[in-house]
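S.K.: The following block contains the structure, expressed as structure tokens.
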Amino acid sequence: MFYFTAVSKKVIPAIEGFFTMDPEAPRLLGTQCKACQTYFFPPERGYCRNPECDSEELETVELSHEGTLWSYSHNGYKPPPPYVSPTEEFEPFAVAAVELEREKMVVMGMVPKPYTHEDLKVGQRMQLVLDPLYETDEERVMVWKWRPVEGGGSK
Amino acid sequence: MFYFTAVSKKVIPAIEGFFTMDPEAPRLLGTQCKACQTYFFPPERGYCRNPECDSEELETVELSHEGTLWSYSHNGYKPPPPYVSPTEEFEPFAVAAVELEREKMVVMGMVPKPYTHEDLKVGQRMQLVLDPLYETDEERVMVWKWRPVEGGGSK
Amino acid sequence: MSKEVAIAGVGMHPWGKWGRNFVEYGVKAARDALKDAGLEWKDVDFVVGGDTMRNGYPGYVAGSTFAEALGFKGTQIASVYGACATGAQAIDAARARILAGLAEVVLVVGADAAPKGFFAPQKGDRPEDRDWQRFRLVGMTNPNYFGLYARRRMALYGATSEDFAAVKVKNARHGLHNPYARYRKEVTAEEIAASPLVADPLRLLDICATSDGGAAVILTSIEFAEKRGLKVPRIAAINAATPTYPNPILDMPYIATDSWAVVQPDARGFKPSIAYGAYEEAGIGPEDLDLAEVYDLSTALELDWYEQIGLCGEGEAEAFLRSGATTFGGKIPVNPSGGLACFGEAVPAQAIAQVCELAWQIRGVAEGRQVEGAKVGLSINQGLFGHGSAIIVKG
Amino acid sequence: MSKEVAIAGVGMHPWGKWGRNFVEYGVKAARDALKDAGLEWKDVDFVVGGDTMRNGYPGYVAGSTFAEALGFKGTQIASVYGACATGAQAIDAARARILAGLAEVVLVVGADAAPKGFFAPQKGDRPEDRDWQRFRLVGMTNPNYFGLYARRRMALYGATSEDFAAVKVKNARHGLHNPYARYRKEVTAEEIAASPLVADPLRLLDICATSDGGAAVILTSIEFAEKRGLKVPRIAAINAATPTYPNPILDMPYIATDSWAVVQPDARGFKPSIAYGAYEEAGIGPEDLDLAEVYDLSTALELDWYEQIGLCGEGEAEAFLRSGATTFGGKIPVNPSGGLACFGEAVPAQAIAQVCELAWQIRGVAEGRQVEGAKVGLSINQGLFGHGSAIIVKG
Ligand SMILES: [Zn+2]
Ligand SMILES: [Zn+2]
């Protein structure tokens with residue numbers, strides 16, 4: 001897990017309003033329609049996308065921070081921009097699709113090091129963490145990631 | 001008129017195959033359909049665009065280097081890229097649409113300094129010249145331009 | 001078989017520089033159009049989106065984007081693009097599906113969030129793309145083309161900058177009370193003359209701005225509209241045709257015309273052919289029009305349109321304008337909405353917005369800008385790369 | 001009223017990496033299609049272009065671009081885009097105009113000149129664009145999505161990498177004699193297993209390349225075809241519908257699914273609904289098909305399609321493949337053309353190319369890859385951002 005140790009860099013989210021920045025217990029931020037109660041992630045702010053509902057009142061809500069691995073893959077080659085590699089030489093990384101029970105939705109995320117796709121198994125428990133996406137000289141840009149629940153993974 | 005004086009810069013065309021680089025007597029390069037004889041500029045190379053003709057044999061031909069000013073305008077503000085300003089601070093420039101008698105077509109071009117739109121009049125004679133479009137440290141990038149025929153313009 | 005379809009409802013998001021996502025503008029317009037028609041999203045069985053090319057992938061697939069925002073429900077969709085003719089192509093696709101019996105209620109939406117300044121081409125080095133060629137090799141912006149046509153009018157017909165300004169003064173007045181217009185303020189000839197010269201002979205206030213905006217129409221079959229008891233205007237003709245080779249006019253974004261050395265140009269010319277193609281389809285002529293919405297990308301261009309759509313003879317547009325023929329109370333008010341002069345252009349929405357205005361006028365609900373007894377209207381424009389766009393709406 | 005139209009002619013430019021302008025590929029395909037139909041350019045009264053989004057402005061207005069290259073003659077045009085469903089939307093626009101009685105002979109063209117490597121989004125910082133979000137925030141390339149589906153198949157049904165490889169081996173064999181295919185070479189399971197891991201569990205040879213290519217069809221009314229004595233296949237159904245909310249499957253380019261906590265998902269699911277919508281329109285079922293062209297963007301995806309279009313039950317695709325059912329002589333050959341495995345993808349051309357193959361197969365002229373007695377075929381794919389695409393062709 002990533003901890004904020006002594007750094008002088010500014011720590012900022014990779015995108016505004018998609019997740020909280022609590023390093024210990026980060027949360028994804030979705031929205032919930034006040035009329036029909038359906039959830040959205042990324043947080044829909046304009047209008048409810050339920051075709052039976054034309055509400056425009058959407059409330060920000062924290063989403064479940066644990067779920068079940070629906071599926072996963074990995075990138076053996078560097079994706080094109082706007083992807084930014086955190087290292088000069090690209091290092092393959094895994095991606096995970098996690099199903100949230102309460103919200104009944106699947107949310108993607110990268111899988112933090114040292115976990116790789118070889119550590120993953122469909123159906124296992126995953127939990128949300130905050131981890132650097134990349135760093136510049138001045139900033140550490142953070143994003144949510146999914147990693148195996150401690151004791152539930154192989155590392 | 002622009003002359004090649006002692007310069008060490010490489011002189012290159014702004015685009016390949018649209019015009020000859022003879023500094024004294026530059027010529028626009030069009031194509032002519034071998035089947036129906038129609039002309040094209042920019043030089044069409046794939047297929048004749050006459051709907052009655054499906055020839056794909058197009059021959060490169062030099063176009064008339066004089067014509068009549070069909071109309072003109074100017075740029076008071078810097079156009080967006082891929083336009084490249086030849087000067088750090090943008091200087092307005094005129095553009096001319098010139099009708100060629102033999103080919104019966106109107107061809108656009110910039111108007112070289114020191115001529116401005118105030119020197120132009122619809123119907124006057126114009127002639128083709130070669131002039132820098134912009135320069136880099138290593139290259140002088142040339143393009144065709146239209147300027148009033150000597151004695152026919154006001155400068 | 002009748003080739004008409006009913007305009008059951010229309011809606012817009014106000015034009016402006018709002019700085020929000022184009023989808024919001026489109027959804028607002030779509031919901032307003034549905035409400036105007038007394039229909040609901042679940043009644044729609046085909047969605048056509050007019051694409052915007054500067055808002056990422058969602059703009060390329062506008063039909064899907066708007067359908068998703070309204071709520072995916074397995075609807076048939078299409079996304080079309082034709083530069084300024086985008087709206088006409090979108091409405092044409094909607095009409096065809098209705099007339100084919102493949103749809104009853106169609107939603108057509110266009111919206112844009114426009115950048116500041118000149119429209120610029122896609123990035124990258126593409127010497128084969130004419131849009132690249134015109135900027136790189138000749139520095140030709142859109143206003144340069146408008147400048148060419150304006151100088152030509154001056155040379156051929158003795159038009160003056162004052163004539164051009166008079167178009168802006170008229171349109172600014174027309175749009176004063178239009179709740180969807182971005183600019184609602186009178187403009188004087190002096191203000192225009194004092195504005196900077198952008199593309200000789202045109203000044204800043206002669207040239208339309210780029211705007212954010214959205215517009216939508218709900219089209220239905222005539223049978224559907226009658227069954228619902230809707231007394232609504234109809235689309236009587238749509239023309240989204242190309243020019244005919246050789247085109248002797250220097251249209252955007254070309255840096256040369258076709259050659260007419262070998263093949264004789266069409267006698268009518270491209271811009272007149274856009275209107276006349278529509279007249280022929282509707283079985284009417286310019287004399288039957290009560291109003292027209294024409295693309296005044298520049299003031300001088302509006303004068304060209306008067307002649308090209310047959311309102312007056314060649315070279316007579318300036319006198320026609322000065323006579324008051326094209327304002328309220330005149331023979332045929334042109335751009336009663338205020339036109340692009342008051343809206344600024346939101347490309348994929350604009351031709352749809354023209355149809356919205358025709359529908360409001362023909363329904364007699366164009367408050368503060370109503371053309372008395374409007375029954376038949378024409379909307380027209382030309383898109384770069386050979387796009388005609390004309391629509392005739394009848395009461 | 002019959003809702004069928006005739007496929008009077010088809011044509012292609014060979015797929016490859018030719019490095020030329022996409023317009024050339026489209027013109028070649030269009031001329032071949034006209035020749036195949038025994039018609040001329042002057043007979044065409046509507047042109048629909050499938051847009052390409054990476055070739056500058058001419059790609060945005062493909063209908064106009066192809067019409068201009070063939071020679072502007074005042075034809076009605078449209079340019080449509082729907083990601084991988086572009087071809088289906090284009091053919092749908094053509095069909096609607098014919099059935100509406102607004103056109104008799106329509107040319108549909110799609111062509112692309114593709115970049116090397118992964119498809120990348122439009123440049124610029126656009127946090128609201130889901131295509132930006134997936135690359136920036138999760139690093140999700142297209143093959144990552146294919147990887148997710150493949151891993152899911154392995155977990156649910158015990159599929160293996162050898163199963164996936166068997167799809168490639170089959171398709172490589174199918175395309176051996178297809179003159180339009182880019183890759184015409186047998187591939188072994190060992191070669192696939194030895195190719196680099198691109199998106200676990202998929203290897204380079206499991207994933208389709210990006211190609212240059214062009215395809216065109218000439219559609220006419222049934223009456224026109226009969227009058228001309230053309231004995232040609234017909235389009236019996238087109239489905240270009242969106243998903244239904246909530247979609248519980250993680251489709252491209254989303255980084256999360258809809259939530260099904262409140263609203264019950266459609267029982268069928270989006271991908272099956274694409275096929276079944278077409279079956280319903282044509283009044284047939286999967287048991288009536290003689291062949292199918294499905295989008296094998298990855299080997300594993302072809303297996304998904306077997307189940308999603310109803311060729312076999314859920315979890316049975318691997319056994320179905322291994323039984324030989326989907327190759328020549330089997331119950332229903334799938335991708336007799338060689339599929340994307342042999343072509344690589346040329347986005348706006350691909351769904352049109354699928355229809356070309358169906359037409360050749362049903363006419364019995366697919367030399368070296370003919371499905372015996374082919375009478376009814378289905379082409380299917382799914383485009384990102386909620387685009388279904390299915391077409392049924394009948395003899
Ligand atoms: Zn709701
Ligand atoms: Zn020719």
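Letters A, B, ... mark the chains of the structure tokens in the order given; residue numbers begin at 1 per chain; ligand numbers begin at 1, in order shown.
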Around ligand 2, which protein and nucleic acid residues have at least one atom no more than 9 Å from it, if we count only C-alpha atoms and all ligand atoms? List them as a VMD selection string.
M.R.: chain B and resid 32 to 39 47 to 58
S.K.: Restricted to N, CA and C atoms, what would the selected residues look like written as a PDB file, in the first residue's frame?
M.R.:
```
ATOM      1  N   GLN B  32      -3.414  17.326 -66.007  1.00  0.00           N
ATOM      2  CA  GLN B  32      -4.430  17.367 -67.066  1.00  0.00           C
ATOM      3  C   GLN B  32      -4.820  15.932 -67.380  1.00  0.00           C
ATOM      4  N   CYS B  33      -6.121  15.707 -67.462  1.00  0.00           N
ATOM      5  CA  CYS B  33      -6.612  14.360 -67.758  1.00  0.00           C
ATOM      6  C   CYS B  33      -6.302  14.024 -69.215  1.00  0.00           C
ATOM      7  N   LYS B  34      -5.674  12.875 -69.440  1.00  0.00           N
ATOM      8  CA  LYS B  34      -5.329  12.498 -70.811  1.00  0.00           C
ATOM      9  C   LYS B  34      -6.565  12.138 -71.624  1.00  0.00           C
ATOM     10  N   ALA B  35      -7.624  11.770 -70.943  1.00  0.00           N
ATOM     11  CA  ALA B  35      -8.846  11.395 -71.668  1.00  0.00           C
ATOM     12  C   ALA B  35      -9.688  12.623 -72.010  1.00  0.00           C
ATOM     13  N   CYS B  36     -10.063  13.415 -71.027  1.00  0.00           N
ATOM     14  CA  CYS B  36     -11.009  14.510 -71.282  1.00  0.00           C
ATOM     15  C   CYS B  36     -10.346  15.883 -71.321  1.00  0.00           C
ATOM     16  N   GLN B  37      -9.039  15.955 -70.995  1.00  0.00           N
ATOM     17  CA  GLN B  37      -8.265  17.202 -71.117  1.00  0.00           C
ATOM     18  C   GLN B  37      -8.534  18.218 -70.015  1.00  0.00           C
ATOM     19  N   THR B  38      -9.358  17.889 -69.045  1.00  0.00           N
ATOM     20  CA  THR B  38      -9.631  18.897 -68.011  1.00  0.00           C
ATOM     21  C   THR B  38      -8.403  19.068 -67.123  1.00  0.00           C
ATOM     22  N   TYR B  39      -8.296  20.265 -66.516  1.00  0.00           N
ATOM     23  CA  TYR B  39      -7.154  20.602 -65.663  1.00  0.00           C
ATOM     24  C   TYR B  39      -7.515  20.466 -64.185  1.00  0.00           C
ATOM     25  N   TYR B  47      -7.408  10.199 -59.858  1.00  0.00           N
ATOM     26  CA  TYR B  47      -8.481   9.935 -60.798  1.00  0.00           C
ATOM     27  C   TYR B  47      -9.036  11.260 -61.279  1.00  0.00           C
ATOM     28  N   CYS B  48      -9.510  11.282 -62.475  1.00  0.00           N
ATOM     29  CA  CYS B  48     -10.137  12.475 -63.043  1.00  0.00           C
ATOM     30  C   CYS B  48     -11.440  12.734 -62.293  1.00  0.00           C
ATOM     31  N   ARG B  49     -11.678  13.992 -61.900  1.00  0.00           N
ATOM     32  CA  ARG B  49     -12.881  14.319 -61.140  1.00  0.00           C
ATOM     33  C   ARG B  49     -14.044  14.782 -62.011  1.00  0.00           C
ATOM     34  N   ASN B  50     -13.882  14.699 -63.308  1.00  0.00           N
ATOM     35  CA  ASN B  50     -15.002  14.944 -64.219  1.00  0.00           C
ATOM     36  C   ASN B  50     -15.931  13.739 -64.129  1.00  0.00           C
ATOM     37  N   PRO B  51     -17.192  13.951 -63.730  1.00  0.00           N
ATOM     38  CA  PRO B  51     -18.080  12.792 -63.524  1.00  0.00           C
ATOM     39  C   PRO B  51     -18.356  11.992 -64.799  1.00  0.00           C
ATOM     40  N   GLU B  52     -18.114  12.613 -65.944  1.00  0.00           N
ATOM     41  CA  GLU B  52     -18.352  11.915 -67.211  1.00  0.00           C
ATOM     42  C   GLU B  52     -17.148  11.084 -67.626  1.00  0.00           C
ATOM     43  N   CYS B  53     -16.095  11.123 -66.840  1.00  0.00           N
ATOM     44  CA  CYS B  53     -14.815  10.542 -67.250  1.00  0.00           C
ATOM     45  C   CYS B  53     -14.275   9.705 -66.108  1.00  0.00           C
ATOM     46  N   ASP B  54     -13.908   8.455 -66.381  1.00  0.00           N
ATOM     47  CA  ASP B  54     -13.337   7.692 -65.267  1.00  0.00           C
ATOM     48  C   ASP B  54     -11.868   7.362 -65.514  1.00  0.00           C
ATOM     49  N   SER B  55     -11.226   8.236 -66.251  1.00  0.00           N
ATOM     50  CA  SER B  55      -9.801   8.055 -66.511  1.00  0.00           C
ATOM     51  C   SER B  55      -8.997   8.194 -65.223  1.00  0.00           C
ATOM     52  N   GLU B  56      -7.899   7.472 -65.178  1.00  0.00           N
ATOM     53  CA  GLU B  56      -6.969   7.640 -64.058  1.00  0.00           C
ATOM     54  C   GLU B  56      -5.599   8.055 -64.580  1.00  0.00           C
ATOM     55  N   GLU B  57      -5.561   8.460 -65.860  1.00  0.00           N
ATOM     56  CA  GLU B  57      -4.306   8.928 -66.443  1.00  0.00           C
ATOM     57  C   GLU B  57      -4.267  10.436 -66.403  1.00  0.00           C
ATOM     58  N   LEU B  58      -3.454  10.944 -65.503  1.00  0.00           N
ATOM     59  CA  LEU B  58      -3.346  12.384 -65.314  1.00  0.00           C
ATOM     60  C   LEU B  58      -1.892  12.782 -65.497  1.00  0.00           C
TER      61      LEU B  58
END
```
S.K.: Using only C-alpha atoms and all ligand atoms, tabulate the residues of chain C lying at most 12 Å from any atom of ligand 1, each with its closest atom pair and that distance in Å to one decimal, by chain and increasing residue number, as JSON lines.
M.R.:
```
{"residue": "C:Ala69", "atom": "CA", "partner": "ligand 1", "partner_atom_place_in_ligand_line": "1 (Zn)", "distance": 11.6}
{"residue": "C:Leu70", "atom": "CA", "partner": "ligand 1", "partner_atom_place_in_ligand_line": "1 (Zn)", "distance": 10.7}
{"residue": "C:Gly71", "atom": "CA", "partner": "ligand 1", "partner_atom_place_in_ligand_line": "1 (Zn)", "distance": 9.8}
```
S.K.: Please extract the residues of segment 17-74 of chain A with a backbone DSSP assignment of strand (DSSP E) and present them as a compact mmCIF listing (two decimals) with C-alpha atoms, in the first residue's frame.
M.R.:
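Written file, result-v4.txt:
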```txt
# COMPACT_ATOMS: atom_id res chain seq x y z
CA LEU A 29 -17.32 9.19 -5.56
CA GLY A 30 -20.37 8.33 -7.57
CA THR A 31 -23.71 10.04 -7.84
CA GLN A 32 -27.13 8.75 -6.98
CA CYS A 33 -30.35 9.96 -8.58
CA TYR A 39 -26.03 5.00 -9.07
CA PHE A 40 -23.52 6.41 -11.52
CA LEU A 58 -27.99 13.82 -8.61
CA GLU A 59 -26.33 13.55 -5.24
CA THR A 60 -22.68 12.71 -4.67
CA VAL A 61 -22.24 9.46 -2.74
CA GLU A 62 -19.30 7.35 -1.67
CA GLU A 66 -14.57 -3.54 -1.61
CA GLY A 67 -15.89 -5.88 -4.23
CA THR A 68 -15.41 -9.06 -6.20
CA LEU A 69 -13.07 -9.40 -9.18
CA TRP A 70 -15.34 -9.68 -12.24
CA SER A 71 -12.40 -10.02 -14.61
CA TYR A 72 -8.92 -8.64 -15.29
CA SER A 73 -6.28 -8.13 -17.97
CA HIS A 74 -2.90 -6.47 -18.31
```
S.K.: For a quick test of understanding: name the residues of chain C lying within 7 Å of chain D when counting only C-alpha atoms, and present them as a PDB file with C-alpha atoms, in the first residue's frame.
M.R.:
```pdb
ATOM      1  CA  GLY C  56     -13.676  14.239 -28.627  1.00  0.00           C
ATOM      2  CA  TYR C  57     -15.222  10.886 -29.366  1.00  0.00           C
ATOM      3  CA  PRO C  58     -18.660  11.721 -27.910  1.00  0.00           C
ATOM      4  CA  TYR C  60     -18.149  11.852 -33.376  1.00  0.00           C
ATOM      5  CA  VAL C  61     -21.020   9.645 -32.244  1.00  0.00           C
ATOM      6  CA  SER C  64     -25.300   7.568 -29.353  1.00  0.00           C
ATOM      7  CA  GLY C  71     -31.265   6.961 -21.322  1.00  0.00           C
ATOM      8  CA  PHE C  72     -30.310   4.040 -23.545  1.00  0.00           C
ATOM      9  CA  LYS C  73     -33.397   2.053 -24.484  1.00  0.00           C
ATOM     10  CA  GLY C  74     -32.377   0.057 -27.525  1.00  0.00           C
ATOM     11  CA  THR C  75     -33.286   2.823 -29.973  1.00  0.00           C
ATOM     12  CA  GLN C  76     -32.047   2.838 -33.559  1.00  0.00           C
ATOM     13  CA  ILE C  77     -29.488   5.605 -33.962  1.00  0.00           C
ATOM     14  CA  ALA C  78     -27.413   7.438 -36.541  1.00  0.00           C
ATOM     15  CA  SER C  79     -24.729  10.113 -36.321  1.00  0.00           C
ATOM     16  CA  VAL C  80     -24.163  12.309 -39.339  1.00  0.00           C
ATOM     17  CA  TYR C  81     -21.854  15.115 -40.320  1.00  0.00           C
ATOM     18  CA  GLY C  82     -21.784  17.521 -43.242  1.00  0.00           C
ATOM     19  CA  GLN C  89     -28.398  15.748 -43.419  1.00  0.00           C
ATOM     20  CA  ALA C  93     -31.984  10.862 -42.415  1.00  0.00           C
ATOM     21  CA  ALA C  96     -36.188   9.001 -44.902  1.00  0.00           C
ATOM     22  CA  ARG C  97     -36.688   6.568 -42.046  1.00  0.00           C
ATOM     23  CA  LEU C  99     -41.190   7.806 -45.045  1.00  0.00           C
ATOM     24  CA  ALA C 100     -39.721   4.294 -45.321  1.00  0.00           C
ATOM     25  CA  GLN C 122      -7.386  18.989 -37.105  1.00  0.00           C
ATOM     26  CA  ASP C 129      -5.992  17.442 -46.910  1.00  0.00           C
ATOM     27  CA  ASP C 131      -8.139  21.964 -45.152  1.00  0.00           C
ATOM     28  CA  ALA C 240     -28.446  18.112 -49.240  1.00  0.00           C
ATOM     29  CA  ALA C 241     -26.773  17.815 -52.630  1.00  0.00           C
ATOM     30  CA  THR C 242     -23.220  18.384 -53.803  1.00  0.00           C
ATOM     31  CA  PRO C 243     -22.125  20.871 -56.464  1.00  0.00           C
ATOM     32  CA  THR C 244     -21.819  19.799 -60.095  1.00  0.00           C
ATOM     33  CA  TYR C 245     -18.413  19.515 -61.747  1.00  0.00           C
ATOM     34  CA  PHE C 385     -16.351  20.579 -48.829  1.00  0.00           C
ATOM     35  CA  GLY C 386     -19.367  20.673 -51.127  1.00  0.00           C
TER      36      GLY C 386
END
```
S.K.: Figure out the distance between atom CA of Ala215 of chain C and atom CA of Ile352 of chain C, please, to one decimal in Å.
M.R.: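 Computing the Euclidean distance for atom CA of Ile352 of chain C and atom CA of Ala215 of chain C yields 5.8 Å.
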S.K.: If chain B is fitted onto chain A by least squares over all C-alpha atoms, taken pair by pair in sequence order, what do its new coordinates look like as a compact mmCIF listing (two decimals) with C-alpha atoms, in the first residue's frame?
M.R.:
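Output below, filename part-v2.txt:
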```txt
# COMPACT_ATOMS: atom_id res chain seq x y z
CA MET B 1 0.08 -0.02 0.11
CA PHE B 2 1.13 3.52 -0.54
CA TYR B 3 1.85 5.86 2.37
CA PHE B 4 2.48 9.57 2.34
CA THR B 5 6.02 9.67 3.60
CA ALA B 6 8.10 12.80 3.78
CA VAL B 7 7.70 14.35 0.38
CA SER B 8 7.63 17.95 -0.63
CA LYS B 9 5.63 17.22 -3.77
CA LYS B 10 2.08 18.43 -4.09
CA VAL B 11 -0.27 15.47 -4.04
CA ILE B 12 -3.18 15.93 -6.43
CA PRO B 13 -5.92 13.72 -7.88
CA ALA B 14 -5.66 12.64 -11.53
CA ILE B 15 -9.19 13.91 -12.03
CA GLU B 16 -11.43 16.09 -9.90
CA GLY B 17 -14.43 14.63 -8.13
CA PHE B 18 -14.00 10.95 -8.94
CA PHE B 19 -12.58 9.88 -5.57
CA THR B 20 -11.55 11.12 -2.12
CA MET B 21 -7.91 11.64 -1.28
CA ASP B 22 -7.84 9.97 2.12
CA PRO B 23 -4.65 7.86 1.85
CA GLU B 24 -5.87 5.28 4.38
CA ALA B 25 -9.46 4.88 3.32
CA PRO B 26 -10.02 6.38 -0.11
CA ARG B 27 -13.51 6.23 -1.57
CA LEU B 28 -14.82 6.39 -5.11
CA LEU B 29 -17.33 9.18 -5.57
CA GLY B 30 -20.39 8.34 -7.58
CA THR B 31 -23.71 10.03 -7.84
CA GLN B 32 -27.14 8.76 -6.97
CA CYS B 33 -30.35 9.97 -8.57
CA LYS B 34 -32.62 11.49 -5.94
CA ALA B 35 -35.68 10.39 -7.89
CA CYS B 36 -34.99 6.79 -8.91
CA GLN B 37 -31.99 6.02 -6.62
CA THR B 38 -29.81 4.60 -9.39
CA TYR B 39 -26.03 4.99 -9.07
CA PHE B 40 -23.53 6.40 -11.51
CA PHE B 41 -19.79 6.16 -11.79
CA PRO B 42 -18.06 8.23 -13.13
CA PRO B 43 -20.25 10.69 -11.25
CA GLU B 44 -22.97 11.79 -13.66
CA ARG B 45 -23.84 15.39 -12.92
CA GLY B 46 -26.12 16.56 -15.67
CA TYR B 47 -29.07 14.20 -15.79
CA CYS B 48 -30.14 10.74 -14.70
CA ARG B 49 -29.43 8.22 -17.48
CA ASN B 50 -32.29 5.93 -16.52
CA PRO B 51 -34.63 6.26 -19.52
CA GLU B 52 -37.66 6.03 -17.24
CA CYS B 53 -36.47 8.99 -15.19
CA ASP B 54 -35.83 12.55 -16.27
CA SER B 55 -34.53 13.80 -12.96
CA GLU B 56 -31.58 16.15 -12.95
CA GLU B 57 -31.03 15.94 -9.20
CA LEU B 58 -27.98 13.83 -8.61
CA GLU B 59 -26.32 13.55 -5.26
CA THR B 60 -22.67 12.73 -4.68
CA VAL B 61 -22.24 9.45 -2.76
CA GLU B 62 -19.30 7.35 -1.67
CA LEU B 63 -19.24 3.93 -3.31
CA SER B 64 -18.32 0.61 -1.76
CA HIS B 65 -14.58 0.22 -1.33
CA GLU B 66 -14.59 -3.53 -1.62
CA GLY B 67 -15.89 -5.89 -4.22
CA THR B 68 -15.42 -9.05 -6.22
CA LEU B 69 -13.07 -9.40 -9.18
CA TRP B 70 -15.33 -9.67 -12.24
CA SER B 71 -12.40 -10.00 -14.61
CA TYR B 72 -8.93 -8.63 -15.30
CA SER B 73 -6.30 -8.11 -17.96
CA HIS B 74 -2.91 -6.47 -18.31
CA ASN B 75 -0.98 -4.16 -20.58
CA GLY B 76 2.14 -5.73 -21.99
CA TYR B 77 2.79 -2.66 -24.12
CA LYS B 78 2.56 1.00 -23.31
CA PRO B 79 -0.88 2.45 -24.01
CA PRO B 80 -1.02 5.62 -26.14
CA PRO B 81 -1.57 9.09 -24.62
CA PRO B 82 -3.38 10.40 -22.65
CA TYR B 83 -1.94 7.46 -20.69
CA VAL B 84 1.20 8.59 -18.88
CA SER B 85 3.73 6.00 -17.84
CA PRO B 86 5.03 6.48 -14.28
CA THR B 87 8.44 5.15 -15.29
CA GLU B 88 10.74 6.10 -18.12
CA GLU B 89 10.85 2.53 -19.30
CA PHE B 90 7.34 1.18 -19.49
CA GLU B 91 6.49 -1.58 -17.04
CA PRO B 92 3.51 -3.83 -17.72
CA PHE B 93 0.62 -3.42 -15.31
CA ALA B 94 -2.63 -5.23 -14.59
CA VAL B 95 -6.14 -3.80 -14.73
CA ALA B 96 -9.09 -5.08 -12.73
CA ALA B 97 -12.86 -4.94 -13.18
CA VAL B 98 -14.48 -5.14 -9.74
CA GLU B 99 -18.16 -5.75 -9.05
CA LEU B 100 -19.65 -3.77 -6.16
CA GLU B 101 -22.43 -5.55 -4.32
CA ARG B 102 -24.48 -2.68 -3.00
CA GLU B 103 -24.33 -0.54 -6.12
CA LYS B 104 -24.47 -3.52 -8.47
CA MET B 105 -21.96 -2.18 -10.92
CA VAL B 106 -18.52 -3.05 -12.21
CA VAL B 107 -15.77 -0.46 -11.85
CA MET B 108 -12.36 -0.62 -13.54
CA GLY B 109 -9.07 0.35 -12.01
CA MET B 110 -5.39 -0.30 -12.35
CA VAL B 111 -3.79 -2.84 -10.02
CA PRO B 112 -0.90 -1.40 -7.96
CA LYS B 113 2.56 -2.89 -7.83
CA PRO B 114 3.83 -5.32 -6.80
CA TYR B 115 0.68 -7.18 -7.87
CA THR B 116 0.56 -8.43 -11.44
CA HIS B 117 -2.10 -10.21 -13.45
CA GLU B 118 -0.58 -13.45 -12.27
CA ASP B 119 -1.76 -12.66 -8.74
CA LEU B 120 -5.39 -12.31 -9.77
CA LYS B 121 -8.28 -14.72 -9.97
CA VAL B 122 -11.85 -14.02 -11.03
CA GLY B 123 -14.11 -14.00 -7.97
CA GLN B 124 -11.55 -12.89 -5.40
CA ARG B 125 -12.10 -9.93 -3.05
CA MET B 126 -10.56 -6.62 -4.02
CA GLN B 127 -10.20 -3.35 -2.15
CA LEU B 128 -9.79 0.25 -3.15
CA VAL B 129 -6.45 1.97 -2.60
CA LEU B 130 -4.95 5.31 -3.53
CA ASP B 131 -1.74 5.07 -5.53
CA PRO B 132 0.37 7.33 -7.73
CA LEU B 133 -0.59 7.37 -11.40
CA TYR B 134 2.58 9.25 -12.31
CA GLU B 135 4.76 11.97 -10.87
CA THR B 136 6.20 15.18 -12.21
CA ASP B 137 8.93 17.24 -10.61
CA GLU B 138 6.34 19.18 -8.62
CA GLU B 139 3.38 16.85 -8.31
CA ARG B 140 2.42 13.37 -7.37
CA VAL B 141 -0.73 12.56 -9.32
CA MET B 142 -2.96 10.06 -7.54
CA VAL B 143 -5.62 7.67 -8.77
CA TRP B 144 -7.78 4.91 -7.33
CA LYS B 145 -6.61 1.34 -7.89
CA TRP B 146 -7.89 -2.11 -6.98
CA ARG B 147 -5.67 -4.51 -5.08
CA PRO B 148 -6.39 -7.94 -3.65
CA VAL B 149 -7.80 -7.83 -0.10
CA GLU B 150 -5.02 -8.59 2.37
CA GLY B 151 -4.90 -12.30 2.97
CA GLY B 152 -7.05 -12.81 -0.11
CA GLY B 153 -4.25 -12.18 -2.59
CA SER B 154 -1.04 -14.07 -3.08
CA LYS B 155 1.42 -11.35 -2.07
```
S.K.: For a quick test of understanding: name the residues of chain D lying within 7 Å of chain A when counting only C-alpha atoms, and present them as a ChimeraX atom specification.
M.R.: /D:118,120,132,135-139,141,144,147-148,151-152,155,197-201,245,248,255-262
S.K.: When you look at Asp304 of chain D with a cut-off of 9 Å (counting only C-alpha atoms), what residues show up, excluding the ones that are within fewer than 6 positions of it in the same chain? I need them as a PyMOL selection string.
M.R.: chain D and resi 149-150+153+314-315+317
